[in-house]
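Next comes entry_8.txt, a file with compact mmCIF, C-alpha atoms.
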# COMPACT_ATOMS: atom_id res chain seq x y z
CA MET A 1 0.00 0.00 0.00
CA VAL A 2 1.24 3.43 -0.96
CA ARG A 3 0.21 6.05 1.52
CA ALA A 4 -1.08 9.31 0.09
CA VAL A 5 0.91 12.41 0.95
CA ASN A 6 -2.21 14.11 2.17
CA PRO A 7 -4.12 11.58 4.27
CA ASP A 8 -7.39 13.50 3.73
CA TYR A 9 -7.15 13.24 -0.01
CA THR A 10 -9.51 10.83 -1.71
CA PRO A 11 -9.93 10.23 -5.42
CA HIS A 12 -13.57 9.35 -4.87
CA HIS A 13 -16.46 11.73 -4.62
CA PRO A 14 -17.77 11.90 -1.11
CA LYS A 15 -20.99 9.99 -0.54
CA TRP A 16 -23.58 10.38 2.13
CA TYR A 17 -24.03 7.44 4.40
CA ARG A 18 -27.07 5.47 3.41
CA ARG A 19 -28.29 2.43 5.22
CA ARG A 20 -28.82 -0.39 2.78
CA ILE A 21 -32.39 -1.68 2.86
CA PRO A 22 -32.98 -5.23 1.67
CA ILE A 23 -35.56 -5.77 -1.09
CA PHE A 24 -37.76 -7.86 1.16
CA TRP A 25 -37.74 -5.33 4.02
CA TRP A 26 -41.53 -5.60 4.29
CA ILE A 27 -41.71 -9.33 5.01
CA ARG A 28 -40.94 -9.17 8.73
CA LYS A 29 -43.99 -7.27 9.95
CA ARG A 30 -47.63 -8.15 9.32
CA ALA A 31 -48.60 -4.51 8.78
CA TYR A 32 -45.91 -4.11 6.12
CA VAL A 33 -46.94 -7.32 4.36
CA LYS A 34 -50.51 -6.05 4.30
CA PHE A 35 -49.32 -2.73 2.91
CA ILE A 36 -47.44 -4.43 0.05
CA ALA A 37 -50.36 -6.83 -0.57
CA ARG A 38 -52.65 -3.80 -0.86
CA GLU A 39 -50.23 -2.16 -3.26
CA LEU A 40 -49.97 -5.32 -5.37
CA THR A 41 -53.71 -5.36 -6.13
CA SER A 42 -53.18 -2.68 -8.79
CA PRO A 43 -52.06 -4.99 -11.66
CA PHE A 44 -55.24 -7.03 -11.10
CA VAL A 45 -57.37 -3.89 -11.33
CA ALA A 46 -55.70 -3.14 -14.68
CA TYR A 47 -56.23 -6.75 -15.83
CA ALA A 48 -59.97 -6.58 -15.08
CA ALA A 49 -60.27 -3.31 -17.02
CA ALA A 50 -58.35 -4.80 -19.96
CA LEU A 51 -60.45 -7.98 -19.96
CA LEU A 52 -63.64 -5.91 -19.99
CA LEU A 53 -62.33 -4.12 -23.09
CA MET A 54 -61.47 -7.50 -24.65
CA GLN A 55 -65.05 -8.61 -24.06
CA VAL A 56 -66.35 -5.43 -25.69
CA TRP A 57 -63.98 -6.03 -28.60
CA ALA A 58 -65.20 -9.63 -28.94
CA LEU A 59 -68.77 -8.29 -29.05
CA ALA A 60 -67.78 -5.87 -31.79
CA ARG A 61 -66.15 -8.59 -33.92
CA GLY A 62 -69.36 -10.58 -34.20
CA GLY A 63 -71.30 -13.52 -32.79
CA ALA A 64 -68.67 -16.16 -33.56
CA ALA A 65 -65.85 -14.18 -31.92
CA TYR A 66 -68.06 -13.54 -28.88
CA ALA A 67 -68.91 -17.26 -28.61
CA ARG A 68 -65.16 -18.06 -28.67
CA PHE A 69 -64.60 -15.52 -25.88
CA LEU A 70 -67.38 -17.09 -23.78
CA ALA A 71 -65.92 -20.58 -24.38
CA TRP A 72 -62.54 -19.33 -23.16
CA LEU A 73 -64.19 -17.95 -19.99
CA GLN A 74 -65.58 -21.44 -19.29
CA LEU A 75 -62.19 -23.17 -19.26
CA GLY A 76 -61.32 -24.59 -15.83
CA PRO A 77 -58.00 -22.80 -15.31
CA VAL A 78 -59.52 -19.49 -16.48
CA LEU A 79 -62.40 -19.88 -14.01
CA ILE A 80 -59.98 -20.64 -11.15
CA TRP A 81 -57.86 -17.64 -12.10
CA HIS A 82 -60.93 -15.40 -12.17
CA GLY A 83 -61.99 -16.76 -8.78
CA ALA A 84 -58.60 -15.66 -7.45
CA LEU A 85 -59.04 -12.35 -9.25
CA LEU A 86 -62.36 -11.79 -7.45
CA ILE A 87 -60.76 -12.43 -4.05
CA ILE A 88 -57.91 -10.01 -4.82
CA LEU A 89 -60.33 -7.32 -6.03
CA LEU A 90 -62.51 -7.78 -2.95
CA PHE A 91 -59.35 -7.20 -0.90
CA HIS A 92 -58.78 -4.02 -2.91
CA THR A 93 -62.37 -2.88 -2.32
CA VAL A 94 -62.39 -3.55 1.43
CA THR A 95 -59.00 -1.95 2.08
CA TRP A 96 -59.83 0.99 -0.20
CA LEU A 97 -63.21 1.73 1.39
CA ASN A 98 -61.81 1.34 4.91
CA LEU A 99 -59.13 3.94 4.15
CA ALA A 100 -61.64 6.42 2.71
CA PRO A 101 -62.00 8.47 5.93
CA LYS A 102 -58.22 9.00 5.91
CA ALA A 103 -58.50 10.73 2.53
CA ILE A 104 -61.95 12.30 2.80
CA VAL A 105 -62.63 14.60 5.72
CA LEU A 106 -66.15 15.97 5.56
CA HIS A 107 -67.59 18.78 7.65
CA VAL A 108 -71.26 19.61 8.07
CA ARG A 109 -72.00 22.90 9.88
CA GLY A 110 -68.52 23.01 11.30
CA ARG A 111 -68.70 19.49 12.69
CA ARG A 112 -66.55 16.71 11.35
CA ILE A 113 -68.48 13.69 10.11
CA PRO A 114 -67.23 10.65 12.07
CA ASP A 115 -64.99 8.13 10.27
CA ALA A 116 -67.51 5.32 10.76
CA ALA A 117 -70.18 7.31 8.90
CA VAL A 118 -67.82 7.98 5.99
CA VAL A 119 -66.99 4.26 5.78
CA ALA A 120 -70.68 3.31 6.02
CA GLY A 121 -71.51 5.73 3.22
CA HIS A 122 -68.90 4.13 0.99
CA TYR A 123 -70.16 0.62 1.70
CA ALA A 124 -73.70 1.81 0.90
CA ALA A 125 -72.39 3.16 -2.43
CA TRP A 126 -70.71 -0.21 -3.13
CA LEU A 127 -74.00 -2.01 -2.44
CA ALA A 128 -75.91 0.44 -4.67
CA VAL A 129 -73.47 0.08 -7.58
CA SER A 130 -73.43 -3.73 -7.29
CA THR A 131 -77.23 -3.88 -7.18
CA PHE A 132 -77.42 -1.64 -10.24
CA LEU A 133 -75.02 -3.94 -12.15
CA VAL A 134 -77.10 -7.00 -11.23
CA TRP A 135 -80.23 -5.18 -12.43
CA LEU A 136 -78.46 -4.14 -15.65
CA LEU A 137 -76.83 -7.45 -16.56
CA VAL A 138 -78.80 -10.33 -15.05
CA ARG A 139 -81.77 -11.60 -17.06
CA GLY A 140 -82.37 -14.81 -15.16
CA TRP A 141 -81.02 -17.17 -12.55
CA MET B 1 -42.33 14.07 -12.19
CA GLY B 2 -42.93 17.73 -11.71
CA ARG B 3 -44.77 19.19 -8.80
CA VAL B 4 -47.60 20.34 -11.05
CA LYS B 5 -48.31 16.87 -12.40
CA GLU B 6 -48.24 14.98 -9.12
CA PRO B 7 -51.69 16.12 -7.84
CA ILE B 8 -53.28 15.26 -11.22
CA LEU B 9 -51.71 11.81 -11.17
CA TRP B 10 -52.83 11.33 -7.59
CA ALA B 11 -56.39 12.32 -8.52
CA LEU B 12 -56.39 9.78 -11.38
CA PHE B 13 -55.01 7.12 -9.02
CA SER B 14 -57.60 7.94 -6.40
CA GLY B 15 -60.54 8.13 -8.82
CA GLY B 16 -59.48 4.85 -10.39
CA GLY B 17 -59.15 3.16 -7.02
CA MET B 18 -62.65 4.26 -6.05
CA VAL B 19 -64.30 3.28 -9.35
CA ALA B 20 -62.50 -0.08 -9.32
CA ALA B 21 -63.51 -0.68 -5.70
CA LEU B 22 -67.19 0.01 -6.35
CA VAL B 23 -67.63 -1.60 -9.79
CA LEU B 24 -65.12 -4.42 -10.32
CA PRO B 25 -66.14 -7.07 -7.76
CA ALA B 26 -69.73 -7.26 -9.07
CA LEU B 27 -68.54 -7.11 -12.68
CA VAL B 28 -65.93 -9.86 -12.21
CA PHE B 29 -68.41 -12.06 -10.35
CA LEU B 30 -71.25 -11.63 -12.86
CA LEU B 31 -69.36 -11.63 -16.17
CA TRP B 32 -66.47 -13.99 -15.52
CA ILE B 33 -67.65 -16.36 -12.78
CA ALA B 34 -71.43 -16.57 -12.45
CA ALA B 35 -72.27 -16.36 -16.18
CA PRO B 36 -69.65 -18.91 -17.39
CA LEU B 37 -70.78 -21.32 -14.65
CA GLY B 38 -74.43 -20.86 -15.67
CA TRP B 39 -75.50 -19.38 -12.33
CA VAL B 40 -76.97 -16.34 -14.08
CA THR B 41 -78.18 -15.57 -17.60
CA LEU B 42 -76.73 -12.49 -19.23
CA PRO B 43 -78.48 -10.52 -21.99
CA SER B 44 -78.23 -12.14 -25.42
CA TYR B 45 -75.49 -11.23 -27.90
CA GLY B 46 -77.73 -8.73 -29.72
CA GLU B 47 -78.91 -7.11 -26.49
CA LEU B 48 -75.34 -6.79 -25.21
CA VAL B 49 -74.17 -5.14 -28.44
CA GLU B 50 -77.03 -2.67 -28.15
CA LEU B 51 -76.21 -2.06 -24.47
CA VAL B 52 -72.50 -1.46 -25.16
CA ARG B 53 -73.29 0.91 -28.05
CA HIS B 54 -75.33 3.21 -25.83
CA PRO B 55 -73.44 6.50 -25.35
CA ILE B 56 -73.66 6.23 -21.54
CA SER B 57 -72.19 2.71 -21.66
CA ARG B 58 -69.35 3.80 -23.95
CA LEU B 59 -68.53 6.70 -21.64
CA SER B 60 -68.79 4.57 -18.48
CA ILE B 61 -66.62 1.76 -19.85
CA PHE B 62 -64.07 4.31 -21.07
CA ALA B 63 -63.98 6.05 -17.67
CA LEU B 64 -63.74 2.76 -15.78
CA ALA B 65 -60.95 1.43 -18.01
CA SER B 66 -58.79 4.54 -18.25
CA LEU B 67 -59.08 5.39 -14.54
CA SER B 68 -58.22 1.79 -13.67
CA PHE B 69 -55.14 1.94 -15.90
CA TYR B 70 -53.94 5.20 -14.32
CA HIS B 71 -54.71 3.77 -10.89
CA TRP B 72 -52.43 0.84 -11.74
CA ALA B 73 -49.74 3.11 -13.17
CA HIS B 74 -49.53 5.37 -10.12
CA ARG B 75 -49.75 2.64 -7.51
CA PHE B 76 -47.44 0.23 -9.28
CA ARG B 77 -44.88 3.00 -9.72
CA TYR B 78 -44.73 3.44 -5.96
CA THR B 79 -44.81 -0.31 -5.36
CA LEU B 80 -41.61 -0.53 -7.39
CA TYR B 81 -40.08 2.42 -5.54
CA ASP B 82 -41.00 1.35 -2.02
CA GLY B 83 -41.24 -2.41 -2.39
CA LEU B 84 -38.20 -3.04 -4.53
CA GLN B 85 -36.21 0.08 -3.54
CA LEU B 86 -35.85 1.28 -7.12
CA TYR B 87 -35.67 5.02 -6.44
CA HIS B 88 -32.75 5.37 -8.84
CA LEU B 89 -34.94 4.26 -11.78
CA ASN B 90 -37.51 6.98 -11.07
CA GLU B 91 -37.69 8.46 -14.57
CA LEU B 92 -37.71 5.16 -16.44
CA ILE B 93 -40.42 3.65 -14.23
CA ALA B 94 -42.60 6.76 -14.51
CA VAL B 95 -42.33 6.74 -18.31
CA LEU B 96 -43.14 3.02 -18.52
CA THR B 97 -46.10 3.06 -16.11
CA TYR B 98 -47.85 6.29 -17.14
CA GLY B 99 -46.88 5.62 -20.77
CA SER B 100 -48.56 2.19 -20.72
CA ALA B 101 -51.66 3.65 -19.05
CA THR B 102 -51.84 6.36 -21.70
CA LEU B 103 -51.47 3.86 -24.58
CA LEU B 104 -54.14 1.60 -23.07
CA THR B 105 -56.44 4.60 -22.59
CA LEU B 106 -55.99 5.58 -26.24
CA ALA B 107 -56.74 2.00 -27.28
CA ALA B 108 -59.88 2.00 -25.11
CA GLY B 109 -61.00 5.29 -26.65
CA PHE B 110 -60.45 3.98 -30.17
CA LEU B 111 -62.32 0.75 -29.39
CA LEU B 112 -65.31 2.50 -27.85
CA VAL B 113 -65.58 5.27 -30.44
CA ALA B 114 -64.58 3.67 -33.73
CA VAL B 115 -64.88 -0.12 -33.39
CA VAL B 116 -67.97 -0.93 -31.34
Please, can you express the file's structure as structure tokens?
Amino acid sequence: MVRAVNPDYTPHHPKWYRRRIPIFWWIRKRAYVKFIARELTSPFVAYAAALLLMQVWALARGGAAYARFLAWLQLGPVLIWHGALLIILLFHTVTWLNLAPKAIVLHVRGRRIPDAAVVAGHYAAWLAVSTFLVWLLVRGW
Amino acid sequence: MGRVKEPILWALFSGGGMVAALVLPALVFLLWIAAPLGWVTLPSYGELVELVRHPISRLSIFALASLSFYHWAHRFRYTLYDGLQLYHLNELIAVLTYGSATLLTLAAGFLLVAVV
């Protein structure tokens, strides 16, 4: 080792000290795992939106194309995957609606509406929208 | 991302999260589970085409799809930052996520205006 004449000299740029955080930092605590799980619902939201567009596209291409799309939906693995999709999207819905009072703070005549009321309002909206979709799309049981 | 854009992107994320939360579970259950299994009967092909062609349906499907895509883009961007510690790829990730959402939104608009 050759010692530098000036011991303070360094050829490198100085760097701030940064603690290294492992990629799986969130795995040790339940709350963190739940946070990441909540975050990871977003690709499934995008998938559902894309699949809805695919269904609309199949409708537009004609009866035969639509029948092929419906046959694909009836395949076992596709049904299992969509069952998993439903569970993941329900997780998105529940966590999203439960966090609503954190994002929406409502005041009526100077009084803050309690969190529970905000959550209840959102669940009522979910029920209303779901009922509307059943009314719109279901022709028989 | 600039400071001007961030609130807009957050609003798209938030609107998309809300629309997805309220609409998607019922839609997934009815269209892709209950109907294929024969638990419910959907409108016939002709009725569905008519339903989808209605201006309100076109607008609703467009809003649902594009907001969902931007919801994904914004949330997934931060999942990559926080989850995988990829802060140094900030620009690239933002371009890929919001860029994909924008392309998908354009595709949805084209489908619902010109194809259906």
Taking only residues of chain A that have an atom at most 8 Å from an atom of chain B, what is each one's shortest atom pair and its distance in Å to one decimal, using all atoms listed in the file, in chain and number order, as a tab-separated table?
residue	atom	partner	partner_atom	distance
A:Ile21	CA	B:Gln85	CA	7.7
A:Ile23	CA	B:Leu84	CA	5.1
A:Phe24	CA	B:Gly83	CA	7.4
A:Trp25	CA	B:Gly83	CA	7.9
A:Trp26	CA	B:Gly83	CA	7.4
A:Ile36	CA	B:Gly83	CA	7.0
A:Glu39	CA	B:Thr79	CA	6.1
A:Leu40	CA	B:Thr79	CA	7.2
A:Ser42	CA	B:Trp72	CA	4.7
A:Pro43	CA	B:Trp72	CA	5.8
A:Val45	CA	B:Ser68	CA	6.2
A:Ala46	CA	B:Phe69	CA	5.3
A:Ala48	CA	B:Leu24	CA	7.3
A:Ala49	CA	B:Ala65	CA	4.9
A:Ala50	CA	B:Ala65	CA	7.0
A:Leu53	CA	B:Ala108	CA	6.9
A:Val56	CA	B:Val52	CA	7.3
A:Trp57	CA	B:Leu111	CA	7.0
A:Leu59	CA	B:Val49	CA	6.3
A:Ala60	CA	B:Val116	CA	5.0
A:Gly63	CA	B:Tyr45	CA	6.8
A:Tyr66	CA	B:Tyr45	CA	7.8
A:Leu70	CA	B:Pro36	CA	7.0
A:Leu73	CA	B:Pro36	CA	6.1
A:Gln74	CA	B:Pro36	CA	5.2
A:Leu79	CA	B:Ile33	CA	6.4
A:His82	CA	B:Trp32	CA	6.6
A:Gly83	CA	B:Ile33	CA	6.9
A:Leu85	CA	B:Val28	CA	7.9
A:Leu86	CA	B:Pro25	CA	6.1
A:Leu89	CA	B:Pro25	CA	6.1
A:Leu90	CA	B:Pro25	CA	6.1
A:His92	CA	B:Ala21	CA	6.4
A:Thr93	CA	B:Ala21	CA	4.2
A:Val94	CA	B:Ala21	CA	7.8
A:Trp96	CA	B:Ala21	CA	6.8
A:Leu97	CA	B:Ala21	CA	7.5
A:Ala125	CA	B:Leu22	CA	7.2
A:Trp126	CA	B:Leu22	CA	4.8
A:Val129	CA	B:Leu22	CA	6.4
A:Ser130	CA	B:Ala26	CA	5.4
A:Leu133	CA	B:Ala26	CA	7.0
A:Val134	CA	B:Leu30	CA	7.6
A:Leu137	CA	B:Leu42	CA	5.7
A:Val138	CA	B:Leu42	CA	5.1
A:Arg139	CA	B:Thr41	CA	5.4
A:Gly140	CA	B:Thr41	CA	4.9
A:Trp141	CA	B:Val40	CA	4.4
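Computed from the coordinates, the CA of Ala63 in chain B to CA of Leu96 in chain B distance equals 21.1 Å.
Taking CA of Leu106 in chain A and CA of Trp10 in chain B as endpoints, the distance between them is 19.3 Å.
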Fill in: Å distance separating CA of Pro114 in chain A from CA of Ala100 in chain A, one decimal place
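A separation of 11.7 Å between them.
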Output requested as a PDB file, in the coordinates of the input - range 15-38 of chain A, filled out with N, CA and C atoms.
ATOM      1  N   LYS A  15     -19.605  10.479  -0.476  1.00  0.00           N
ATOM      2  CA  LYS A  15     -20.990   9.990  -0.540  1.00  0.00           C
ATOM      3  C   LYS A  15     -21.603  10.108   0.840  1.00  0.00           C
ATOM      4  N   TRP A  16     -22.897  10.387   0.850  1.00  0.00           N
ATOM      5  CA  TRP A  16     -23.580  10.380   2.130  1.00  0.00           C
ATOM      6  C   TRP A  16     -23.759   8.949   2.565  1.00  0.00           C
ATOM      7  N   TYR A  17     -23.809   8.791   3.880  1.00  0.00           N
ATOM      8  CA  TYR A  17     -24.030   7.440   4.400  1.00  0.00           C
ATOM      9  C   TYR A  17     -25.492   7.081   4.211  1.00  0.00           C
ATOM     10  N   ARG A  18     -25.701   5.950   3.575  1.00  0.00           N
ATOM     11  CA  ARG A  18     -27.070   5.470   3.410  1.00  0.00           C
ATOM     12  C   ARG A  18     -27.139   4.035   3.885  1.00  0.00           C
ATOM     13  N   ARG A  19     -28.116   3.798   4.749  1.00  0.00           N
ATOM     14  CA  ARG A  19     -28.290   2.430   5.220  1.00  0.00           C
ATOM     15  C   ARG A  19     -28.856   1.610   4.078  1.00  0.00           C
ATOM     16  N   ARG A  20     -28.280   0.465   3.844  1.00  0.00           N
ATOM     17  CA  ARG A  20     -28.820  -0.390   2.780  1.00  0.00           C
ATOM     18  C   ARG A  20     -30.072  -1.088   3.282  1.00  0.00           C
ATOM     19  N   ILE A  21     -31.152  -1.026   2.467  1.00  0.00           N
ATOM     20  CA  ILE A  21     -32.390  -1.680   2.860  1.00  0.00           C
ATOM     21  C   ILE A  21     -32.609  -2.873   1.940  1.00  0.00           C
ATOM     22  N   PRO A  22     -32.785  -4.062   2.525  1.00  0.00           N
ATOM     23  CA  PRO A  22     -32.980  -5.230   1.670  1.00  0.00           C
ATOM     24  C   PRO A  22     -34.307  -5.135   0.899  1.00  0.00           C
ATOM     25  N   ILE A  23     -34.372  -5.827  -0.244  1.00  0.00           N
ATOM     26  CA  ILE A  23     -35.560  -5.770  -1.090  1.00  0.00           C
ATOM     27  C   ILE A  23     -36.794  -6.278  -0.346  1.00  0.00           C
ATOM     28  N   PHE A  24     -36.606  -7.296   0.464  1.00  0.00           N
ATOM     29  CA  PHE A  24     -37.760  -7.860   1.160  1.00  0.00           C
ATOM     30  C   PHE A  24     -37.897  -7.290   2.568  1.00  0.00           C
ATOM     31  N   TRP A  25     -37.668  -5.993   2.712  1.00  0.00           N
ATOM     32  CA  TRP A  25     -37.740  -5.330   4.020  1.00  0.00           C
ATOM     33  C   TRP A  25     -39.119  -5.461   4.648  1.00  0.00           C
ATOM     34  N   TRP A  26     -40.143  -5.659   3.803  1.00  0.00           N
ATOM     35  CA  TRP A  26     -41.530  -5.600   4.290  1.00  0.00           C
ATOM     36  C   TRP A  26     -42.041  -6.930   4.820  1.00  0.00           C
ATOM     37  N   ILE A  27     -41.199  -7.994   4.732  1.00  0.00           N
ATOM     38  CA  ILE A  27     -41.710  -9.330   5.010  1.00  0.00           C
ATOM     39  C   ILE A  27     -41.769  -9.629   6.503  1.00  0.00           C
ATOM     40  N   ARG A  28     -41.074  -8.814   7.322  1.00  0.00           N
ATOM     41  CA  ARG A  28     -40.940  -9.170   8.730  1.00  0.00           C
ATOM     42  C   ARG A  28     -42.132  -8.753   9.591  1.00  0.00           C
ATOM     43  N   LYS A  29     -42.868  -7.745   9.133  1.00  0.00           N
ATOM     44  CA  LYS A  29     -43.990  -7.270   9.950  1.00  0.00           C
ATOM     45  C   LYS A  29     -45.301  -7.461   9.212  1.00  0.00           C
ATOM     46  N   ARG A  30     -46.319  -7.911   9.932  1.00  0.00           N
ATOM     47  CA  ARG A  30     -47.630  -8.150   9.320  1.00  0.00           C
ATOM     48  C   ARG A  30     -48.178  -6.903   8.643  1.00  0.00           C
ATOM     49  N   ALA A  31     -48.053  -5.760   9.324  1.00  0.00           N
ATOM     50  CA  ALA A  31     -48.600  -4.510   8.780  1.00  0.00           C
ATOM     51  C   ALA A  31     -47.938  -4.163   7.451  1.00  0.00           C
ATOM     52  N   TYR A  32     -46.628  -4.430   7.364  1.00  0.00           N
ATOM     53  CA  TYR A  32     -45.910  -4.110   6.120  1.00  0.00           C
ATOM     54  C   TYR A  32     -46.328  -5.060   5.003  1.00  0.00           C
ATOM     55  N   VAL A  33     -46.508  -6.342   5.361  1.00  0.00           N
ATOM     56  CA  VAL A  33     -46.940  -7.320   4.360  1.00  0.00           C
ATOM     57  C   VAL A  33     -48.303  -6.922   3.804  1.00  0.00           C
ATOM     58  N   LYS A  34     -49.170  -6.469   4.712  1.00  0.00           N
ATOM     59  CA  LYS A  34     -50.510  -6.050   4.300  1.00  0.00           C
ATOM     60  C   LYS A  34     -50.431  -4.827   3.384  1.00  0.00           C
ATOM     61  N   PHE A  35     -49.517  -3.935   3.726  1.00  0.00           N
ATOM     62  CA  PHE A  35     -49.320  -2.730   2.910  1.00  0.00           C
ATOM     63  C   PHE A  35     -48.903  -3.120   1.484  1.00  0.00           C
ATOM     64  N   ILE A  36     -47.918  -4.032   1.385  1.00  0.00           N
ATOM     65  CA  ILE A  36     -47.440  -4.430   0.050  1.00  0.00           C
ATOM     66  C   ILE A  36     -48.535  -5.216  -0.683  1.00  0.00           C
ATOM     67  N   ALA A  37     -49.269  -6.064   0.052  1.00  0.00           N
ATOM     68  CA  ALA A  37     -50.360  -6.830  -0.570  1.00  0.00           C
ATOM     69  C   ALA A  37     -51.396  -5.869  -1.164  1.00  0.00           C
ATOM     70  N   ARG A  38     -51.689  -4.812  -0.399  1.00  0.00           N
ATOM     71  CA  ARG A  38     -52.650  -3.800  -0.860  1.00  0.00           C
ATOM     72  C   ARG A  38     -52.123  -3.131  -2.124  1.00  0.00           C
TER      73      ARG A  38
END
